[in-house]
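Here is the file input-v2.txt (compact mmCIF, N, CA and C atoms).
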```txt
# COMPACT_ATOMS: atom_id res chain seq x y z
N MET J 1 19.94 7.97 -30.77
CA MET J 1 18.81 8.69 -31.33
C MET J 1 19.19 10.17 -31.39
N SER J 2 18.96 10.77 -32.54
CA SER J 2 19.30 12.18 -32.70
C SER J 2 18.36 13.03 -31.86
N SER J 3 18.80 14.23 -31.55
CA SER J 3 17.97 15.11 -30.71
C SER J 3 16.69 15.53 -31.43
N SER J 4 16.73 15.65 -32.76
CA SER J 4 15.51 16.04 -33.47
C SER J 4 14.50 14.89 -33.49
N THR J 5 14.97 13.66 -33.64
CA THR J 5 14.07 12.50 -33.59
C THR J 5 13.46 12.39 -32.20
N ARG J 6 14.30 12.53 -31.19
CA ARG J 6 13.82 12.48 -29.80
C ARG J 6 12.77 13.54 -29.56
N ASN J 7 13.00 14.72 -30.07
CA ASN J 7 12.07 15.84 -29.90
C ASN J 7 10.73 15.57 -30.59
N ILE J 8 10.78 15.02 -31.79
CA ILE J 8 9.54 14.72 -32.53
C ILE J 8 8.73 13.66 -31.78
N ILE J 9 9.40 12.59 -31.36
CA ILE J 9 8.71 11.53 -30.63
C ILE J 9 8.10 12.08 -29.34
N ALA J 10 8.88 12.91 -28.64
CA ALA J 10 8.38 13.49 -27.38
C ALA J 10 7.15 14.35 -27.63
N TRP J 11 7.17 15.19 -28.67
CA TRP J 11 6.02 16.05 -28.95
C TRP J 11 4.78 15.25 -29.31
N VAL J 12 4.96 14.19 -30.11
CA VAL J 12 3.81 13.36 -30.47
C VAL J 12 3.22 12.72 -29.21
N LEU J 13 4.07 12.15 -28.37
CA LEU J 13 3.58 11.53 -27.13
C LEU J 13 2.95 12.56 -26.21
N GLN J 14 3.59 13.71 -26.05
CA GLN J 14 3.03 14.76 -25.20
C GLN J 14 1.66 15.19 -25.69
N GLY J 15 1.51 15.32 -27.00
CA GLY J 15 0.23 15.73 -27.56
C GLY J 15 -0.86 14.70 -27.30
N LEU J 16 -0.55 13.44 -27.58
CA LEU J 16 -1.54 12.38 -27.40
C LEU J 16 -1.90 12.17 -25.93
N VAL J 17 -0.89 12.08 -25.09
CA VAL J 17 -1.14 11.85 -23.67
C VAL J 17 -1.77 13.08 -23.03
N GLY J 18 -1.31 14.26 -23.44
CA GLY J 18 -1.90 15.50 -22.92
C GLY J 18 -3.38 15.60 -23.25
N LEU J 19 -3.73 15.32 -24.50
CA LEU J 19 -5.14 15.36 -24.89
C LEU J 19 -5.97 14.31 -24.15
N ALA J 20 -5.38 13.14 -23.92
CA ALA J 20 -6.09 12.10 -23.17
C ALA J 20 -6.40 12.58 -21.76
N PHE J 21 -5.42 13.17 -21.09
CA PHE J 21 -5.65 13.63 -19.72
C PHE J 21 -6.59 14.83 -19.68
N ILE J 22 -6.52 15.69 -20.66
CA ILE J 22 -7.49 16.80 -20.73
C ILE J 22 -8.90 16.22 -20.84
N GLY J 23 -9.06 15.23 -21.70
CA GLY J 23 -10.36 14.59 -21.86
C GLY J 23 -10.84 13.91 -20.59
N PHE J 24 -9.93 13.18 -19.91
CA PHE J 24 -10.31 12.51 -18.66
C PHE J 24 -10.71 13.53 -17.60
N GLY J 25 -9.94 14.62 -17.50
CA GLY J 25 -10.24 15.65 -16.51
C GLY J 25 -11.59 16.31 -16.78
N ILE J 26 -11.84 16.64 -18.04
CA ILE J 26 -13.12 17.27 -18.40
C ILE J 26 -14.27 16.31 -18.12
N LYS J 27 -14.09 15.04 -18.47
CA LYS J 27 -15.15 14.05 -18.23
C LYS J 27 -15.47 13.95 -16.74
N LYS J 28 -14.43 13.89 -15.92
CA LYS J 28 -14.65 13.81 -14.47
C LYS J 28 -15.32 15.07 -13.95
N LEU J 29 -14.90 16.24 -14.44
CA LEU J 29 -15.46 17.51 -13.96
C LEU J 29 -16.89 17.72 -14.41
N THR J 30 -17.24 17.23 -15.59
CA THR J 30 -18.62 17.42 -16.07
C THR J 30 -19.60 16.47 -15.39
N ASP J 31 -19.09 15.42 -14.76
CA ASP J 31 -19.94 14.50 -14.00
C ASP J 31 -19.39 14.36 -12.58
N LEU J 32 -19.25 15.50 -11.89
CA LEU J 32 -18.68 15.46 -10.54
C LEU J 32 -19.47 14.59 -9.58
N PRO J 33 -20.79 14.62 -9.59
CA PRO J 33 -21.50 13.72 -8.66
C PRO J 33 -21.16 12.25 -8.91
N GLY J 34 -21.06 11.86 -10.17
CA GLY J 34 -20.70 10.48 -10.50
C GLY J 34 -19.27 10.16 -10.10
N THR J 35 -18.37 11.12 -10.32
CA THR J 35 -16.97 10.92 -9.97
C THR J 35 -16.81 10.81 -8.46
N VAL J 36 -17.47 11.69 -7.72
CA VAL J 36 -17.41 11.64 -6.25
C VAL J 36 -17.98 10.31 -5.77
N GLY J 37 -19.10 9.89 -6.37
CA GLY J 37 -19.70 8.61 -6.00
C GLY J 37 -18.78 7.44 -6.26
N MET J 38 -18.09 7.46 -7.40
CA MET J 38 -17.17 6.38 -7.73
C MET J 38 -16.01 6.33 -6.74
N PHE J 39 -15.45 7.50 -6.42
CA PHE J 39 -14.36 7.56 -5.45
C PHE J 39 -14.83 7.05 -4.10
N SER J 40 -16.02 7.48 -3.67
CA SER J 40 -16.56 7.05 -2.37
C SER J 40 -16.82 5.55 -2.35
N SER J 41 -17.28 5.00 -3.48
CA SER J 41 -17.61 3.57 -3.52
C SER J 41 -16.39 2.68 -3.37
N ILE J 42 -15.21 3.20 -3.68
CA ILE J 42 -13.99 2.39 -3.52
C ILE J 42 -13.21 2.78 -2.26
N GLY J 43 -13.87 3.57 -1.40
CA GLY J 43 -13.27 3.89 -0.11
C GLY J 43 -12.37 5.11 -0.09
N LEU J 44 -12.37 5.89 -1.14
CA LEU J 44 -11.56 7.12 -1.17
C LEU J 44 -12.45 8.31 -0.80
N PRO J 45 -11.86 9.34 -0.21
CA PRO J 45 -12.65 10.52 0.12
C PRO J 45 -13.22 11.17 -1.15
N GLY J 46 -14.48 11.57 -1.07
CA GLY J 46 -15.12 12.20 -2.22
C GLY J 46 -14.40 13.46 -2.67
N ALA J 47 -13.81 14.20 -1.72
CA ALA J 47 -13.09 15.43 -2.06
C ALA J 47 -11.89 15.15 -2.96
N LEU J 48 -11.35 13.94 -2.87
CA LEU J 48 -10.21 13.60 -3.72
C LEU J 48 -10.60 13.60 -5.19
N ALA J 49 -11.88 13.37 -5.48
CA ALA J 49 -12.36 13.38 -6.86
C ALA J 49 -12.13 14.76 -7.49
N TYR J 50 -12.37 15.82 -6.71
CA TYR J 50 -12.14 17.18 -7.21
C TYR J 50 -10.66 17.39 -7.51
N VAL J 51 -9.81 16.97 -6.59
CA VAL J 51 -8.37 17.16 -6.74
C VAL J 51 -7.85 16.41 -7.96
N ILE J 52 -8.24 15.15 -8.11
CA ILE J 52 -7.76 14.34 -9.22
C ILE J 52 -8.29 14.88 -10.55
N SER J 53 -9.55 15.27 -10.58
CA SER J 53 -10.14 15.80 -11.82
C SER J 53 -9.40 17.03 -12.30
N VAL J 54 -9.18 17.98 -11.40
CA VAL J 54 -8.47 19.22 -11.76
C VAL J 54 -7.02 18.92 -12.10
N ALA J 55 -6.39 18.02 -11.34
CA ALA J 55 -4.99 17.69 -11.59
C ALA J 55 -4.81 17.03 -12.96
N GLU J 56 -5.74 16.17 -13.36
CA GLU J 56 -5.64 15.54 -14.67
C GLU J 56 -5.81 16.58 -15.78
N LEU J 57 -6.76 17.49 -15.61
CA LEU J 57 -6.97 18.54 -16.61
C LEU J 57 -5.74 19.43 -16.72
N LEU J 58 -5.26 19.93 -15.59
CA LEU J 58 -4.09 20.82 -15.60
C LEU J 58 -2.82 20.08 -16.03
N GLY J 59 -2.69 18.82 -15.63
CA GLY J 59 -1.53 18.03 -16.04
C GLY J 59 -1.52 17.82 -17.54
N GLY J 60 -2.69 17.55 -18.12
CA GLY J 60 -2.78 17.40 -19.57
C GLY J 60 -2.39 18.67 -20.29
N ILE J 61 -2.85 19.81 -19.77
CA ILE J 61 -2.47 21.10 -20.36
C ILE J 61 -0.97 21.33 -20.18
N GLY J 62 -0.46 20.99 -18.99
CA GLY J 62 0.96 21.17 -18.71
C GLY J 62 1.86 20.37 -19.63
N LEU J 63 1.41 19.20 -20.06
CA LEU J 63 2.21 18.40 -20.99
C LEU J 63 2.39 19.11 -22.33
N LEU J 64 1.49 20.02 -22.65
CA LEU J 64 1.54 20.71 -23.94
C LEU J 64 2.32 22.03 -23.88
N ILE J 65 2.75 22.43 -22.68
CA ILE J 65 3.49 23.67 -22.50
C ILE J 65 4.92 23.31 -22.11
N PRO J 66 5.89 23.59 -22.99
CA PRO J 66 7.27 23.13 -22.76
C PRO J 66 7.83 23.44 -21.36
N ARG J 67 7.54 24.59 -20.83
CA ARG J 67 8.07 24.97 -19.52
C ARG J 67 7.57 24.05 -18.41
N PHE J 68 6.38 23.46 -18.59
CA PHE J 68 5.75 22.67 -17.53
C PHE J 68 5.71 21.16 -17.81
N THR J 69 6.29 20.74 -18.92
CA THR J 69 6.16 19.34 -19.33
C THR J 69 6.64 18.37 -18.26
N ARG J 70 7.84 18.54 -17.76
CA ARG J 70 8.39 17.59 -16.78
C ARG J 70 7.60 17.62 -15.48
N LEU J 71 7.26 18.79 -15.00
CA LEU J 71 6.49 18.90 -13.76
C LEU J 71 5.12 18.24 -13.91
N ALA J 72 4.46 18.49 -15.04
CA ALA J 72 3.15 17.89 -15.30
C ALA J 72 3.27 16.37 -15.38
N ALA J 73 4.29 15.90 -16.07
CA ALA J 73 4.48 14.45 -16.21
C ALA J 73 4.73 13.80 -14.85
N ILE J 74 5.53 14.44 -14.01
CA ILE J 74 5.80 13.88 -12.68
C ILE J 74 4.51 13.82 -11.86
N GLY J 75 3.73 14.88 -11.88
CA GLY J 75 2.46 14.89 -11.16
C GLY J 75 1.52 13.82 -11.66
N LEU J 76 1.44 13.67 -12.97
CA LEU J 76 0.55 12.64 -13.54
C LEU J 76 1.07 11.23 -13.28
N VAL J 77 2.38 11.05 -13.20
CA VAL J 77 2.94 9.74 -12.84
C VAL J 77 2.46 9.35 -11.45
N ILE J 78 2.48 10.30 -10.52
CA ILE J 78 2.02 10.03 -9.15
C ILE J 78 0.55 9.60 -9.17
N ILE J 79 -0.27 10.33 -9.93
CA ILE J 79 -1.70 9.98 -10.02
C ILE J 79 -1.87 8.59 -10.63
N MET J 80 -1.11 8.28 -11.67
CA MET J 80 -1.27 7.00 -12.35
C MET J 80 -0.76 5.84 -11.50
N ILE J 81 0.27 6.07 -10.71
CA ILE J 81 0.71 5.02 -9.78
C ILE J 81 -0.43 4.72 -8.80
N GLY J 82 -1.07 5.77 -8.30
CA GLY J 82 -2.23 5.58 -7.43
C GLY J 82 -3.35 4.82 -8.12
N ALA J 83 -3.60 5.16 -9.38
CA ALA J 83 -4.66 4.48 -10.14
C ALA J 83 -4.34 3.00 -10.32
N VAL J 84 -3.10 2.69 -10.63
CA VAL J 84 -2.70 1.30 -10.82
C VAL J 84 -2.85 0.52 -9.51
N VAL J 85 -2.42 1.11 -8.41
CA VAL J 85 -2.53 0.45 -7.11
C VAL J 85 -3.99 0.22 -6.75
N ILE J 86 -4.84 1.22 -6.97
CA ILE J 86 -6.27 1.08 -6.68
C ILE J 86 -6.89 -0.01 -7.55
N HIS J 87 -6.53 -0.05 -8.83
CA HIS J 87 -7.05 -1.10 -9.71
C HIS J 87 -6.59 -2.48 -9.24
N ALA J 88 -5.35 -2.58 -8.82
CA ALA J 88 -4.79 -3.88 -8.43
C ALA J 88 -5.34 -4.37 -7.09
N THR J 89 -5.75 -3.44 -6.21
CA THR J 89 -6.10 -3.86 -4.86
C THR J 89 -7.56 -3.68 -4.49
N VAL J 90 -8.28 -2.77 -5.12
CA VAL J 90 -9.62 -2.42 -4.66
C VAL J 90 -10.71 -2.66 -5.69
N ILE J 91 -10.49 -2.21 -6.90
CA ILE J 91 -11.54 -2.23 -7.93
C ILE J 91 -11.76 -3.67 -8.43
N PRO J 92 -13.02 -4.11 -8.48
CA PRO J 92 -13.30 -5.45 -9.01
C PRO J 92 -12.78 -5.58 -10.44
N GLY J 93 -12.23 -6.71 -10.75
CA GLY J 93 -11.64 -6.93 -12.07
C GLY J 93 -10.14 -6.82 -12.03
N GLY J 94 -9.64 -6.20 -10.98
CA GLY J 94 -8.20 -6.14 -10.76
C GLY J 94 -7.43 -5.37 -11.81
N ILE J 95 -6.19 -5.74 -11.94
CA ILE J 95 -5.26 -5.00 -12.79
C ILE J 95 -5.64 -5.12 -14.27
N ALA J 96 -6.40 -6.13 -14.63
CA ALA J 96 -6.83 -6.26 -16.03
C ALA J 96 -7.63 -5.05 -16.47
N ASN J 97 -8.44 -4.49 -15.57
CA ASN J 97 -9.18 -3.28 -15.88
C ASN J 97 -8.31 -2.03 -15.77
N GLY J 98 -7.12 -2.19 -15.22
CA GLY J 98 -6.21 -1.06 -15.06
C GLY J 98 -5.18 -0.94 -16.16
N VAL J 99 -5.33 -1.70 -17.23
CA VAL J 99 -4.35 -1.66 -18.33
C VAL J 99 -4.21 -0.24 -18.90
N PRO J 100 -5.31 0.50 -19.12
CA PRO J 100 -5.12 1.87 -19.61
C PRO J 100 -4.26 2.72 -18.67
N ALA J 101 -4.45 2.55 -17.36
CA ALA J 101 -3.63 3.29 -16.41
C ALA J 101 -2.16 2.88 -16.52
N LEU J 102 -1.91 1.60 -16.70
CA LEU J 102 -0.53 1.13 -16.88
C LEU J 102 0.10 1.69 -18.15
N VAL J 103 -0.67 1.71 -19.23
CA VAL J 103 -0.16 2.25 -20.50
C VAL J 103 0.16 3.73 -20.36
N LEU J 104 -0.76 4.49 -19.75
CA LEU J 104 -0.50 5.92 -19.57
C LEU J 104 0.70 6.15 -18.66
N LEU J 105 0.84 5.34 -17.62
CA LEU J 105 2.01 5.45 -16.74
C LEU J 105 3.28 5.22 -17.54
N ALA J 106 3.30 4.18 -18.36
CA ALA J 106 4.48 3.89 -19.17
C ALA J 106 4.78 5.03 -20.15
N LEU J 107 3.75 5.58 -20.79
CA LEU J 107 3.97 6.68 -21.73
C LEU J 107 4.48 7.93 -21.02
N LEU J 108 3.98 8.19 -19.83
CA LEU J 108 4.48 9.34 -19.05
C LEU J 108 5.96 9.15 -18.69
N LEU J 109 6.34 7.93 -18.35
CA LEU J 109 7.74 7.66 -18.03
C LEU J 109 8.62 7.82 -19.27
N VAL J 110 8.11 7.43 -20.44
CA VAL J 110 8.86 7.64 -21.69
C VAL J 110 9.01 9.14 -21.95
N ILE J 111 7.95 9.90 -21.74
CA ILE J 111 8.04 11.36 -21.92
C ILE J 111 9.10 11.95 -21.00
N LEU J 112 9.10 11.53 -19.75
CA LEU J 112 10.13 12.02 -18.81
C LEU J 112 11.52 11.64 -19.27
N TRP J 113 11.67 10.43 -19.78
CA TRP J 113 12.98 10.01 -20.26
C TRP J 113 13.40 10.83 -21.49
N LEU J 114 12.47 11.05 -22.41
CA LEU J 114 12.80 11.83 -23.62
C LEU J 114 13.10 13.28 -23.30
N ARG J 115 12.45 13.81 -22.28
CA ARG J 115 12.63 15.23 -21.90
C ARG J 115 13.64 15.42 -20.78
N ARG J 116 14.44 14.39 -20.50
CA ARG J 116 15.45 14.53 -19.46
C ARG J 116 16.50 15.54 -19.93
N PRO J 117 17.12 16.22 -18.99
CA PRO J 117 18.20 17.14 -19.37
C PRO J 117 19.37 16.35 -19.96
N VAL J 118 19.86 16.80 -21.10
CA VAL J 118 20.97 16.14 -21.76
C VAL J 118 22.12 17.14 -21.89
N ALA J 119 23.29 16.71 -21.51
CA ALA J 119 24.46 17.58 -21.62
C ALA J 119 24.76 17.82 -23.09
N ALA J 120 25.08 19.06 -23.41
CA ALA J 120 25.41 19.43 -24.79
C ALA J 120 26.76 18.81 -25.17
N THR J 121 26.83 18.32 -26.40
CA THR J 121 28.09 17.76 -26.88
C THR J 121 28.81 18.81 -27.69
N ALA J 122 30.12 18.86 -27.52
CA ALA J 122 30.90 19.90 -28.21
C ALA J 122 31.37 19.47 -29.56
```
Starting from the file, give its structure as structure tokens.
Amino acid sequence: MSSSTRNIIAWVLQGLVGLAFIGFGIKKLTDLPGTVGMFSSIGLPGALAYVISVAELLGGIGLLIPRFTRLAAIGLVIIMIGAVVIHATVIPGGIANGVPALVLLALLLVILWLRRPVAATA
């Protein structure tokens, strides 16, 4: 794959995934009582709702800023691994309801792969 094709695919994915996480973060922040309640209902500390909400918003923004893309993707991968585990073990409906989290996790891993450091060819 040429570097320009790789770059175009990476930007499209970063834009889509970044906007999704910005939306998720804003949704969680605009309904903090509901988010805290949801976290508490599955046995997680309510304060974690604040951390995850802000992290998703900032991670989504970070995916859109070239300097922070890899760091943001790594942070969001950690969050999505947690989401997948929680869906698989705690939330009623199991992993079937966690398919969006799995898809986002896979897309974040693709972004990391596309944005990996590549040695220049002479």
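The closest residue to Ile79 in chain J, picked from J:Ala20, J:Ala55, J:Ile91, J:Ile65 and counting only C-alpha atoms, is J:Ala55.
Our summary of the geometry notes that CA of Leu32 in chain J is positioned 7.6 Å from CA of Ala49 in chain J.
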Write out as a PyMOL selection string all residues of chain J that backbone DSSP assigns to alpha helix (DSSP H). chain J and resi 3-30+32-41+47-63+69-89+99-114
Separation of atom N of Ile52 in chain J and atom N of Leu13 in chain J, in Å? 23.9 Å
Counting all atoms listed in the file, the residue among J:Arg70, J:Leu64, J:Leu58, J:Phe24 that lies closest to Arg115 in chain J is J:Arg70
